[in-house]
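This is run_22.cif (mmCIF, C-alpha atoms).
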data_coords
#
loop_
_atom_site.label_atom_id
_atom_site.label_comp_id
_atom_site.auth_asym_id
_atom_site.auth_seq_id
_atom_site.Cartn_x
_atom_site.Cartn_y
_atom_site.Cartn_z
CA MET K 1 83.60 147.57 87.44
CA LYS K 2 81.03 145.23 88.97
CA ASN K 3 77.33 145.47 88.12
CA PHE K 4 75.65 147.36 90.98
CA PHE K 5 72.06 147.44 89.70
CA ASP K 6 70.69 144.86 92.16
CA ASN K 7 70.30 147.33 95.04
CA THR K 8 66.50 147.46 95.23
CA GLU K 9 66.46 149.72 98.30
CA ILE K 10 68.04 152.48 96.17
CA ALA K 11 66.10 151.50 93.04
CA PHE K 12 62.68 151.88 94.66
CA GLN K 13 63.50 154.53 97.27
CA LEU K 14 60.76 156.88 96.02
CA LYS K 15 58.01 154.25 95.86
CA SER K 16 55.58 153.92 98.75
CA ASP K 17 54.42 150.41 99.64
CA SER K 18 51.17 150.93 97.71
CA GLU K 19 53.09 152.21 94.63
CA LEU K 20 55.37 149.18 94.84
CA GLU K 21 52.31 146.89 94.89
CA ARG K 22 50.79 148.72 91.92
CA ALA K 23 54.04 148.33 89.93
CA TYR K 24 54.14 144.61 90.77
CA PHE K 25 50.51 144.20 89.67
CA LEU K 26 51.06 146.09 86.39
CA PHE K 27 54.14 144.09 85.36
CA LYS K 28 52.35 140.85 86.26
CA MET K 29 49.61 141.93 83.85
CA ILE K 30 52.11 142.94 81.13
CA ALA K 31 53.86 139.56 81.49
CA HIS K 32 50.73 137.89 80.07
CA GLN K 33 50.51 138.72 76.35
CA PRO K 34 46.84 137.73 75.96
CA LEU K 35 45.94 140.08 78.83
CA VAL K 36 47.80 142.93 77.13
CA ARG K 37 45.90 142.28 73.89
CA ILE K 38 42.54 142.08 75.66
CA GLY K 39 43.35 145.16 77.74
CA THR K 40 44.32 147.08 74.60
CA VAL K 41 41.04 146.24 72.84
CA VAL K 42 38.92 147.03 75.91
CA THR K 43 40.76 150.30 76.59
CA ASN K 44 40.47 151.44 72.96
CA PHE K 45 36.77 150.60 72.96
CA ALA K 46 36.16 152.41 76.27
CA ILE K 47 37.93 155.55 75.06
CA LYS K 48 36.18 155.62 71.65
CA ALA K 49 32.80 155.01 73.34
CA HIS K 50 33.58 157.86 75.80
CA LEU K 51 33.06 155.59 78.80
CA PRO K 52 34.18 157.11 82.14
CA VAL K 53 37.49 155.24 82.41
CA ASP K 54 39.87 158.19 82.88
CA GLY K 55 39.97 157.81 86.66
CA LEU K 56 40.74 154.09 86.52
CA ILE K 57 43.43 154.55 83.85
CA ARG K 58 44.96 157.49 85.73
CA ALA K 59 45.14 155.57 89.02
CA THR K 60 46.85 152.56 87.44
CA VAL K 61 48.82 152.51 84.20
CA PHE K 62 48.89 156.30 83.59
CA ASP K 63 50.35 157.31 86.95
CA HIS K 64 52.92 154.52 86.78
CA PHE K 65 54.26 155.38 83.29
CA CYS K 66 53.40 159.11 82.97
CA GLY K 67 54.31 162.29 84.82
CA GLY K 68 50.94 164.04 84.55
CA VAL K 69 48.46 165.68 82.19
CA SER K 70 50.45 168.93 81.79
CA GLU K 71 53.94 170.34 82.41
CA LEU K 72 52.88 171.81 85.76
CA ASP K 73 51.16 168.57 86.74
CA CYS K 74 54.52 166.80 86.16
CA MET K 75 56.44 169.05 88.55
CA LYS K 76 55.66 167.04 91.67
CA THR K 77 57.21 163.98 90.00
CA VAL K 78 60.10 166.00 88.53
CA ASP K 79 60.95 167.44 91.96
CA ALA K 80 60.70 164.04 93.65
CA LEU K 81 63.02 162.42 91.07
CA TYR K 82 65.50 165.26 91.48
CA THR K 83 65.79 164.63 95.24
CA ALA K 84 67.32 161.27 94.24
CA GLY K 85 69.63 162.89 91.67
CA VAL K 86 67.51 161.81 88.69
CA CYS K 87 66.63 164.47 86.08
CA SER K 88 63.56 164.42 83.84
CA VAL K 89 62.83 164.82 80.12
CA LEU K 90 59.23 165.96 79.63
CA ASP K 91 57.83 164.16 76.59
CA TYR K 92 54.45 165.36 75.28
CA SER K 93 53.31 161.91 74.20
CA VAL K 94 50.27 162.67 72.09
CA GLU K 95 50.49 160.70 68.82
CA GLY K 96 48.65 160.47 65.52
CA LYS K 97 48.10 164.14 64.62
CA GLU K 98 47.51 164.86 60.93
CA THR K 99 46.44 168.48 60.32
CA GLU K 100 48.45 171.67 59.82
CA GLU K 101 46.66 173.26 62.80
CA GLN K 102 47.65 170.32 65.01
CA PHE K 103 51.28 170.51 63.86
CA ASP K 104 51.41 174.26 64.53
CA ALA K 105 49.90 173.65 67.97
CA VAL K 106 52.69 171.14 68.74
CA VAL K 107 55.30 173.73 67.74
CA ALA K 108 53.71 176.30 70.07
CA ARG K 109 53.61 173.71 72.85
CA THR K 110 57.26 172.71 72.27
CA LEU K 111 58.40 176.36 72.32
CA LYS K 112 56.63 176.80 75.67
CA LEU K 113 58.23 173.59 76.90
CA ILE K 114 61.69 174.90 75.96
CA ASP K 115 60.98 178.04 78.04
CA PHE K 116 59.88 175.76 80.87
CA VAL K 117 63.02 173.58 80.57
CA ASN K 118 65.21 176.69 80.53
CA GLU K 119 64.01 177.57 84.04
CA LYS K 120 64.38 174.08 85.55
CA GLU K 121 67.75 172.60 86.45
CA ALA K 122 66.01 169.25 86.94
CA ILE K 123 64.99 169.13 83.24
CA PRO K 124 68.14 169.16 81.08
CA TYR K 125 66.54 168.32 77.69
CA ALA K 126 63.46 169.08 75.61
CA VAL K 127 62.16 166.52 73.10
CA PHE K 128 59.83 166.06 70.13
CA LYS K 129 58.97 163.53 67.40
CA PRO K 130 59.36 164.38 63.68
CA THR K 131 55.77 163.31 62.93
CA ALA K 132 54.55 165.83 65.52
CA MET K 133 55.74 168.48 63.02
CA GLY K 134 54.33 167.08 59.77
CA ARG K 135 52.56 164.29 57.93
CA PHE K 136 54.16 160.84 58.03
CA ASP K 137 53.38 160.18 54.36
CA LEU K 138 55.17 163.33 53.26
CA TYR K 139 58.37 162.29 55.06
CA VAL K 140 58.12 158.99 53.16
CA LYS K 141 57.67 160.74 49.81
CA VAL K 142 60.59 163.11 50.40
CA GLY K 143 62.85 160.31 51.68
CA THR K 144 62.20 158.08 48.68
CA GLY K 145 62.71 160.94 46.22
CA GLU K 146 59.17 160.94 44.86
CA LYS K 147 58.13 164.01 42.88
CA LEU K 148 56.16 166.42 45.05
CA THR K 149 53.24 168.54 43.92
CA SER K 150 53.60 172.30 44.40
CA GLU K 151 51.28 172.05 47.44
CA GLU K 152 53.43 169.28 48.91
CA LYS K 153 56.59 171.33 48.36
CA GLU K 154 55.03 174.17 50.35
CA GLU K 155 53.90 171.71 53.01
CA TRP K 156 57.45 170.29 53.25
CA GLU K 157 58.88 173.81 53.59
CA ARG K 158 56.51 174.37 56.52
CA ILE K 159 57.80 171.18 58.19
CA VAL K 160 61.41 172.33 57.81
CA PHE K 161 60.40 175.76 59.12
CA ARG K 162 58.78 174.13 62.21
CA PHE K 163 61.98 172.20 62.93
CA ASP K 164 64.04 175.36 62.51
CA THR K 165 61.75 177.42 64.73
CA VAL K 166 62.07 174.91 67.58
CA CYS K 167 65.83 174.30 67.13
CA LYS K 168 66.55 178.03 66.93
CA LYS K 169 64.69 178.64 70.21
CA ALA K 170 66.61 175.78 71.86
CA TYR K 171 69.87 177.28 70.58
CA GLU K 172 68.99 180.78 71.84
CA LEU K 173 68.14 179.49 75.33
CA ASN K 174 70.97 176.93 75.39
CA VAL K 175 68.55 174.02 75.89
CA ALA K 176 69.57 170.61 74.52
CA LEU K 177 66.91 169.15 72.22
CA LEU K 178 66.35 165.41 71.63
CA ILE K 179 64.58 164.47 68.38
CA ASP K 180 63.12 160.97 68.42
CA ALA K 181 63.49 158.39 65.64
CA GLU K 182 60.52 156.67 64.02
CA GLU K 183 59.88 154.08 61.28
CA SER K 184 62.77 153.49 58.86
CA TRP K 185 60.76 154.39 55.75
CA MET K 186 60.17 157.95 56.99
CA GLN K 187 63.49 158.35 58.80
CA ILE K 188 65.63 159.25 55.75
CA ALA K 189 63.88 162.62 55.35
CA ALA K 190 63.85 163.24 59.12
CA ASP K 191 67.59 162.49 59.36
CA ASP K 192 68.30 165.02 56.61
CA ILE K 193 66.42 167.80 58.40
CA VAL K 194 68.03 166.99 61.77
CA GLU K 195 71.49 166.98 60.17
CA GLU K 196 70.78 170.39 58.67
CA MET K 197 69.74 171.65 62.12
CA MET K 198 72.99 170.25 63.61
CA ARG K 199 74.97 171.99 60.87
CA LYS K 200 73.26 175.25 61.78
CA TYR K 201 73.04 175.12 65.58
CA ASN K 202 75.74 172.69 66.81
CA LYS K 203 78.81 174.76 65.97
CA GLU K 204 79.98 175.31 69.57
CA LYS K 205 78.17 172.49 71.39
CA PRO K 206 75.45 169.96 70.64
CA VAL K 207 72.05 171.63 70.97
CA VAL K 208 70.28 169.31 68.50
CA TYR K 209 70.40 165.53 69.12
CA ASN K 210 69.22 162.94 66.62
CA THR K 211 68.27 159.38 67.62
CA LEU K 212 69.78 156.14 66.30
CA GLN K 213 67.68 152.98 66.54
CA LEU K 214 70.43 150.39 66.68
CA TYR K 215 68.25 147.37 65.97
CA ARG K 216 68.80 148.67 62.42
CA TRP K 217 71.97 147.15 60.96
CA ASP K 218 72.73 150.23 58.84
CA ARG K 219 72.88 152.79 61.64
CA LEU K 220 76.54 152.48 62.65
CA ASP K 221 77.58 153.15 59.04
CA TYR K 222 75.23 156.14 59.02
CA LEU K 223 76.85 157.45 62.22
CA LYS K 224 80.34 157.10 60.75
CA GLU K 225 79.33 158.96 57.56
CA LEU K 226 77.64 161.69 59.60
CA HIS K 227 80.75 161.99 61.77
CA LYS K 228 82.91 162.40 58.68
CA ARG K 229 80.68 165.25 57.42
CA ALA K 230 80.62 166.85 60.89
CA LYS K 231 84.42 166.95 61.07
CA GLU K 232 84.69 168.36 57.54
CA GLU K 233 82.03 171.02 58.11
CA GLY K 234 82.78 171.87 61.74
CA PHE K 235 79.71 170.88 63.73
CA ILE K 236 79.30 168.71 66.82
CA ILE K 237 77.01 165.67 66.85
CA GLY K 238 74.47 165.07 69.59
CA MET K 239 73.15 161.50 69.43
CA LYS K 240 70.70 159.48 71.46
CA PHE K 241 71.14 155.70 71.20
CA VAL K 242 68.17 153.36 71.59
CA ARG K 243 67.61 149.80 70.42
CA GLY K 244 64.30 150.61 68.74
CA ALA K 245 60.55 150.54 69.12
CA TYR K 246 58.98 149.35 65.85
CA MET K 247 60.52 145.93 65.27
CA GLU K 248 57.39 143.92 64.40
CA LYS K 249 56.07 146.70 62.16
CA GLU K 250 59.45 146.96 60.37
CA ASN K 251 59.73 143.21 59.73
CA ASP K 252 56.09 142.88 58.65
CA ARG K 253 56.37 145.74 56.14
CA ALA K 254 59.65 144.42 54.70
CA GLU K 255 58.09 140.97 54.19
CA GLU K 256 54.89 142.39 52.75
CA MET K 257 56.70 144.67 50.28
CA GLY K 258 59.49 142.23 49.43
CA TYR K 259 62.60 144.10 50.54
CA ALA K 260 65.36 143.14 52.99
CA THR K 261 64.40 144.02 56.54
CA PRO K 262 66.42 146.88 58.05
CA ILE K 263 66.34 145.07 61.41
CA CYS K 264 69.24 142.95 62.69
CA ALA K 265 68.64 139.21 62.32
CA SER K 266 68.85 138.36 66.03
CA LYS K 267 68.99 139.88 69.49
CA LYS K 268 72.72 139.12 69.62
CA GLU K 269 73.32 141.00 66.37
CA THR K 270 71.32 143.94 67.73
CA ASP K 271 73.33 143.91 70.97
CA ASP K 272 76.61 143.72 69.04
CA ASN K 273 75.54 146.57 66.76
CA PHE K 274 74.52 148.69 69.77
CA ASN K 275 77.76 148.02 71.61
CA ASN K 276 79.90 148.67 68.51
CA ALA K 277 78.19 152.05 68.15
CA VAL K 278 78.88 152.73 71.84
CA HIS K 279 82.59 151.97 71.34
CA TYR K 280 82.68 154.27 68.31
CA ILE K 281 81.03 157.28 69.95
CA MET K 282 83.02 156.88 73.19
CA GLU K 283 86.23 157.05 71.10
CA HIS K 284 85.10 160.39 69.65
CA LEU K 285 83.64 162.36 72.55
CA ASP K 286 85.61 165.38 71.38
CA THR K 287 83.15 165.74 68.46
CA MET K 288 80.12 163.71 69.60
CA HIS K 289 77.98 163.67 72.74
CA LEU K 290 75.95 160.63 73.84
CA PHE K 291 72.52 160.23 75.43
CA LEU K 292 72.34 156.48 76.12
CA GLY K 293 68.65 155.56 76.12
CA THR K 294 68.67 151.94 77.24
CA HIS K 295 67.12 149.49 79.69
CA ASN K 296 69.93 147.03 79.03
CA GLU K 297 72.31 146.53 81.95
CA ASP K 298 75.18 145.15 79.84
CA SER K 299 75.21 148.14 77.49
CA THR K 300 75.06 150.51 80.45
CA MET K 301 77.95 148.72 82.14
CA LEU K 302 79.92 148.89 78.88
CA VAL K 303 79.72 152.70 78.91
CA LEU K 304 80.60 152.85 82.62
CA ASN K 305 83.66 150.66 82.07
CA ILE K 306 84.84 152.74 79.11
CA MET K 307 84.40 155.91 81.18
CA GLU K 308 86.44 154.37 83.99
CA GLU K 309 89.20 153.18 81.61
CA LYS K 310 89.44 156.59 79.95
CA GLY K 311 89.28 158.54 83.21
CA ILE K 312 86.06 160.29 82.17
CA ALA K 313 84.34 161.93 85.15
CA LYS K 314 81.02 160.37 86.18
CA ASN K 315 79.22 163.69 85.70
CA ASP K 316 80.91 164.56 82.38
CA SER K 317 78.24 166.48 80.41
CA ARG K 318 79.10 164.58 77.20
CA VAL K 319 77.55 161.34 78.52
CA TRP K 320 73.98 160.97 79.80
CA PHE K 321 71.94 157.87 80.63
CA GLY K 322 68.17 157.69 80.15
CA GLN K 323 65.33 155.30 80.89
CA LEU K 324 61.57 155.55 80.60
CA TYR K 325 59.63 156.60 83.68
CA GLY K 326 58.10 153.55 85.37
CA MET K 327 60.74 151.16 84.02
CA SER K 328 64.30 150.12 84.89
CA ASP K 329 64.41 152.09 88.14
CA HIS K 330 67.21 149.75 89.23
CA ILE K 331 69.40 151.28 86.50
CA SER K 332 68.32 154.92 86.87
CA TYR K 333 68.47 155.30 90.64
CA ASN K 334 71.59 153.24 91.17
CA LEU K 335 73.39 155.28 88.48
CA ALA K 336 72.23 158.53 90.07
CA HIS K 337 73.33 157.26 93.49
CA LYS K 338 76.84 156.90 92.03
CA ALA K 339 76.63 160.49 90.64
CA TYR K 340 76.27 159.71 86.91
CA ASN K 341 74.08 161.94 84.69
CA VAL K 342 70.66 160.28 84.54
CA ALA K 343 67.31 161.40 83.15
CA LYS K 344 63.93 159.72 83.08
CA TYR K 345 61.75 160.17 79.99
CA LEU K 346 58.53 161.48 81.53
CA PRO K 347 55.57 161.20 79.13
CA PHE K 348 52.69 163.58 79.76
CA GLY K 349 49.45 164.75 78.17
CA PRO K 350 45.66 164.31 78.53
CA VAL K 351 44.88 160.76 79.70
CA ARG K 352 42.91 159.75 76.60
CA ASP K 353 45.40 161.31 74.18
CA VAL K 354 48.36 159.52 75.78
CA MET K 355 46.71 156.07 75.74
CA PRO K 356 48.00 155.11 72.23
CA TYR K 357 51.53 155.74 73.53
CA LEU K 358 50.92 153.68 76.69
CA ILE K 359 49.40 150.80 74.71
CA ARG K 360 52.45 150.78 72.42
CA ARG K 361 54.74 150.68 75.48
CA ALA K 362 52.83 147.72 76.98
CA GLU K 363 53.05 145.85 73.68
CA GLU K 364 56.78 146.56 73.40
CA ASN K 365 57.33 145.25 76.93
CA THR K 366 55.69 141.95 76.12
CA SER K 367 57.92 141.54 73.05
CA VAL K 368 61.24 142.39 74.75
CA ALA K 369 62.61 139.12 76.07
CA GLY K 370 63.49 139.31 79.73
CA GLN K 371 62.47 142.95 80.33
CA THR K 372 59.26 142.25 82.24
CA THR K 373 60.77 139.24 84.04
CA ARG K 374 63.63 141.41 85.29
CA GLU K 375 61.23 144.11 86.51
CA LEU K 376 59.16 141.53 88.36
CA SER K 377 62.16 139.86 90.01
CA LEU K 378 63.44 143.22 91.33
CA LEU K 379 60.00 144.29 92.56
CA SER K 380 59.61 140.90 94.30
CA ALA K 381 63.01 141.30 95.95
CA GLU K 382 62.10 144.75 97.25
CA ARG K 383 58.70 143.54 98.55
CA LYS K 384 60.52 140.80 100.48
CA ARG K 385 63.17 143.23 101.76
CA ARG K 386 60.49 145.58 103.10
CA LYS K 387 58.60 142.75 104.80
CA LEU K 388 61.77 141.65 106.55
#
Just dump the structure as structure tokens.
Amino acid sequence: MKNFFDNTEIAFQLKSDSELERAYFLFKMIAHQPLVRIGTVVTNFAIKAHLPVDGLIRATVFDHFCGGVSELDCMKTVDALYTAGVCSVLDYSVEGKETEEQFDAVVARTLKLIDFVNEKEAIPYAVFKPTAMGRFDLYVKVGTGEKLTSEEKEEWERIVFRFDTVCKKAYELNVALLIDAEESWMQIAADDIVEEMMRKYNKEKPVVYNTLQLYRWDRLDYLKELHKRAKEEGFIIGMKFVRGAYMEKENDRAEEMGYATPICASKKETDDNFNNAVHYIMEHLDTMHLFLGTHNEDSTMLVLNIMEEKGIAKNDSRVWFGQLYGMSDHISYNLAHKAYNVAKYLPFGPVRDVMPYLIRRAEENTSVAGQTTRELSLLSAERKRRKL
């Protein structure tokens, strides 16, 4: 199958001329690393000093990369995407919470979101992050086998209970639930809880999906071991594949603490690892379902070619493709145009609370070779096409 992602008319069909210009301006800014760093410092300062910047942020970076400030605020975007055959995954992207009250509030919010998703055909998945349910440091302690105090044991039980509460609700309403991956040193404990939830709720079909960050060289082995346990114990695996979002942090910590980095040594090794995992899961769709979260055209084409070779229907519910809202529209909309299952990750939340997420995304974009350049070339091509 030939790559068909160059059709910019389809890719940007929902963007007005002014939205196209805004996207071009934003990616031009992101292409300059010093500007991203300066912008990050200025934005953080403005928010901490309570300067009136919400309107400016909302009109530029927020509206490009986010769906809205609440679930209902997102619906205009969700409905628009769905007219082009693109579904949405509403992602409450408020980070850095640390108190029990905040964790319980996230659970309540996620339960409401699952109700919301249950009523909307255009929203096939709910999603949450492990550290939205409990303290990062406690995941680290549990994962490394450190002895817990009696208070910490109770705190850990509350985290497991929060996971179970959310997964049970998803199971009862038949809503698929994506659980994001985070830093490697907390992920061991998170993986164990998610596996337990799969064991409990994925007997008939995958309700609970874990996430593999395949810039980690150990993840394919982990998938194979998990698959072995799933076959022995009779549960189905739901898995989202991504390359990963914490590369610099992972490498810096490994160097600082004197252990081997969990990150692949090169981009090629990461790509090979990702594609090997794709081959593995596509060979076992009878017991595993895939949500392919990637902005990489080659990896996307790999899955499309395997589907074609195996005679797998384009809309087969076992294979979904996902990209972040505001990025890689050329992949999302062209896939949807060909009738594949596609969903955009749609971050939402109060403007100030979502800014740490947006800053992290901007920094990631500057560090991903070729990503911003590709976005700019496609936006330029569409600007020229419209002028002609």
Please evaluate the PyMOL selection byres ((chain K and resi 144) around 9) against the displayed coordinates and give the resulting residues as a count of residues only.
-> 11
Resolved residues for the PyMOL selection byres ((chain K and resi 288) around 8) as a list in words = Pro206, Ile236, Ile237, Gly238, Met239, Ile281, His284, Leu285, Asp286, Thr287, His289, Leu290 and Arg318 of chain K
Min atom-atom distance to Gly68 in chain K from the set K:Tyr340, K:Tyr333, K:Phe161, K:Tyr325, counting all atoms listed in the file, belongs to K:Tyr325
First collect every listed atom of range 347-358 of chain K; then fit an axis-aligned box around them, widen it by 5 Å on each side, and give centre and edge lengths in Å to one decimal, as JSON.
{"center_x": 49.2, "center_y": 159.2, "center_z": 76.0, "size_x": 22.7, "size_y": 21.1, "size_z": 17.5}
Nearby residues (all atoms listed in the file) at most 12 Å from Pro124 in chain K, same-chain spacing under 5 positions excluded, as a PyMOL selection string | chain K and resi 78+82+86-90+113-119+170+173-178+207+291+317+320-322+341-345
Would you kindly identify which residues have an atom no farther than 12 Å from (73.9, 164.7, 63.6), using all atoms listed in the file and the file's own coordinates, and write them out as a PyMOL selection string?
-> chain K and resi 177-179+190-203+205-212+222-231+233-240+287-290
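Among K:Tyr357, K:Phe348, K:Trp217, K:Phe25, the residue with the shortest atom-to-atom distance to Cys74 in chain K, counting all atoms listed in the file, is K:Phe348.
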Residue among K:Thr165, K:Ser70, K:Ser332, K:Thr131 lying closest to Glu98 in chain K, counting only C-alpha atoms | K:Thr131
Which one is closest to Asn275 in chain K: K:Glu297, K:Glu154, K:Asp164, K:Glu21? Count only C-alpha atoms.
-> K:Glu297
Residues selected by the PyMOL selection byres ((chain K and resi 51-65) around 8), written as a PyMOL selection string = chain K and resi 22-23+26+46-50+66-68+324-327+346-347+351-352+358
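When only C-alpha atoms are used to measure the gap to Asp91 in chain K, the shortest distance among K:Asp180, K:Leu220, K:Thr77, K:Cys167 belongs to K:Asp180.
Residue nearest Ala11 in chain K, chosen from K:Val160, K:Val354, K:Leu111, K:Ala84 and counting only C-alpha atoms: K:Ala84.
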Could you name the residues that touch Tyr215 in chain K at 9 Å or less, counting only C-alpha atoms, but leaving out those on the same chain fewer than 3 positions away, as a list of chain:residue names?
->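 These residues fall inside the cut-off: K:Leu212, K:Asp218, K:Arg219, K:Val242, K:Arg243, K:Gly244, K:Ala245, K:Met247, K:Pro262, K:Ile263, K:Cys264, K:Ala265, K:Lys267, K:Glu269, K:Thr270, K:Asp271, K:Asn273, K:Phe274.
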State, in Å with one decimal place, the distance from CA of Leu378 in chain K to CA of Tyr246 in chain K.
-> 26.6 Å
So what do you get for CA of Gln187 in chain K versus CA of Glu204 in chain K, distance-wise?
->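 We find that CA of Gln187 in chain K and CA of Glu204 in chain K lie 26.0 Å from each other.
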Enter the distance from CA of Gln213 in chain K to CA of Thr110 in chain K, in Å, rounded to one decimal.
-> 23.0 Å
Please check which residues have atoms at most 7 Å from (56.0, 163.8, 72.3) in the file's coordinates, counting all atoms listed in the file, and write them as a PDB file with C-alpha atoms, in the frame of the given file.
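So the final result, stored in out_23.pdb, reads:
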ATOM      1  CA  ASP K  91      57.830 164.160  76.590  1.00  0.00           C
ATOM      2  CA  TYR K  92      54.450 165.360  75.280  1.00  0.00           C
ATOM      3  CA  SER K  93      53.310 161.910  74.200  1.00  0.00           C
ATOM      4  CA  VAL K  94      50.270 162.670  72.090  1.00  0.00           C
ATOM      5  CA  VAL K 127      62.160 166.520  73.100  1.00  0.00           C
ATOM      6  CA  PHE K 128      59.830 166.060  70.130  1.00  0.00           C
ATOM      7  CA  LYS K 129      58.970 163.530  67.400  1.00  0.00           C
TER       8      LYS K 129
END
What lies within 12 Å of Lys2 in chain K using only C-alpha atoms, ignoring chain neighbours under 6 positions off, as a PyMOL selection string?
-> chain K and resi 297-298+300-302+304-305+308
With C-alpha atoms retained, could you export that selection as a JSON list (two decimals), keeping the file's coordinate frame?
[["chain", "number", "residue", "atom", "x", "y", "z"],
["K", 297, "GLU", "CA", 72.31, 146.53, 81.95],
["K", 298, "ASP", "CA", 75.18, 145.15, 79.84],
["K", 300, "THR", "CA", 75.06, 150.51, 80.45],
["K", 301, "MET", "CA", 77.95, 148.72, 82.14],
["K", 302, "LEU", "CA", 79.92, 148.89, 78.88],
["K", 304, "LEU", "CA", 80.60, 152.85, 82.62],
["K", 305, "ASN", "CA", 83.66, 150.66, 82.07],
["K", 308, "GLU", "CA", 86.44, 154.37, 83.99]]
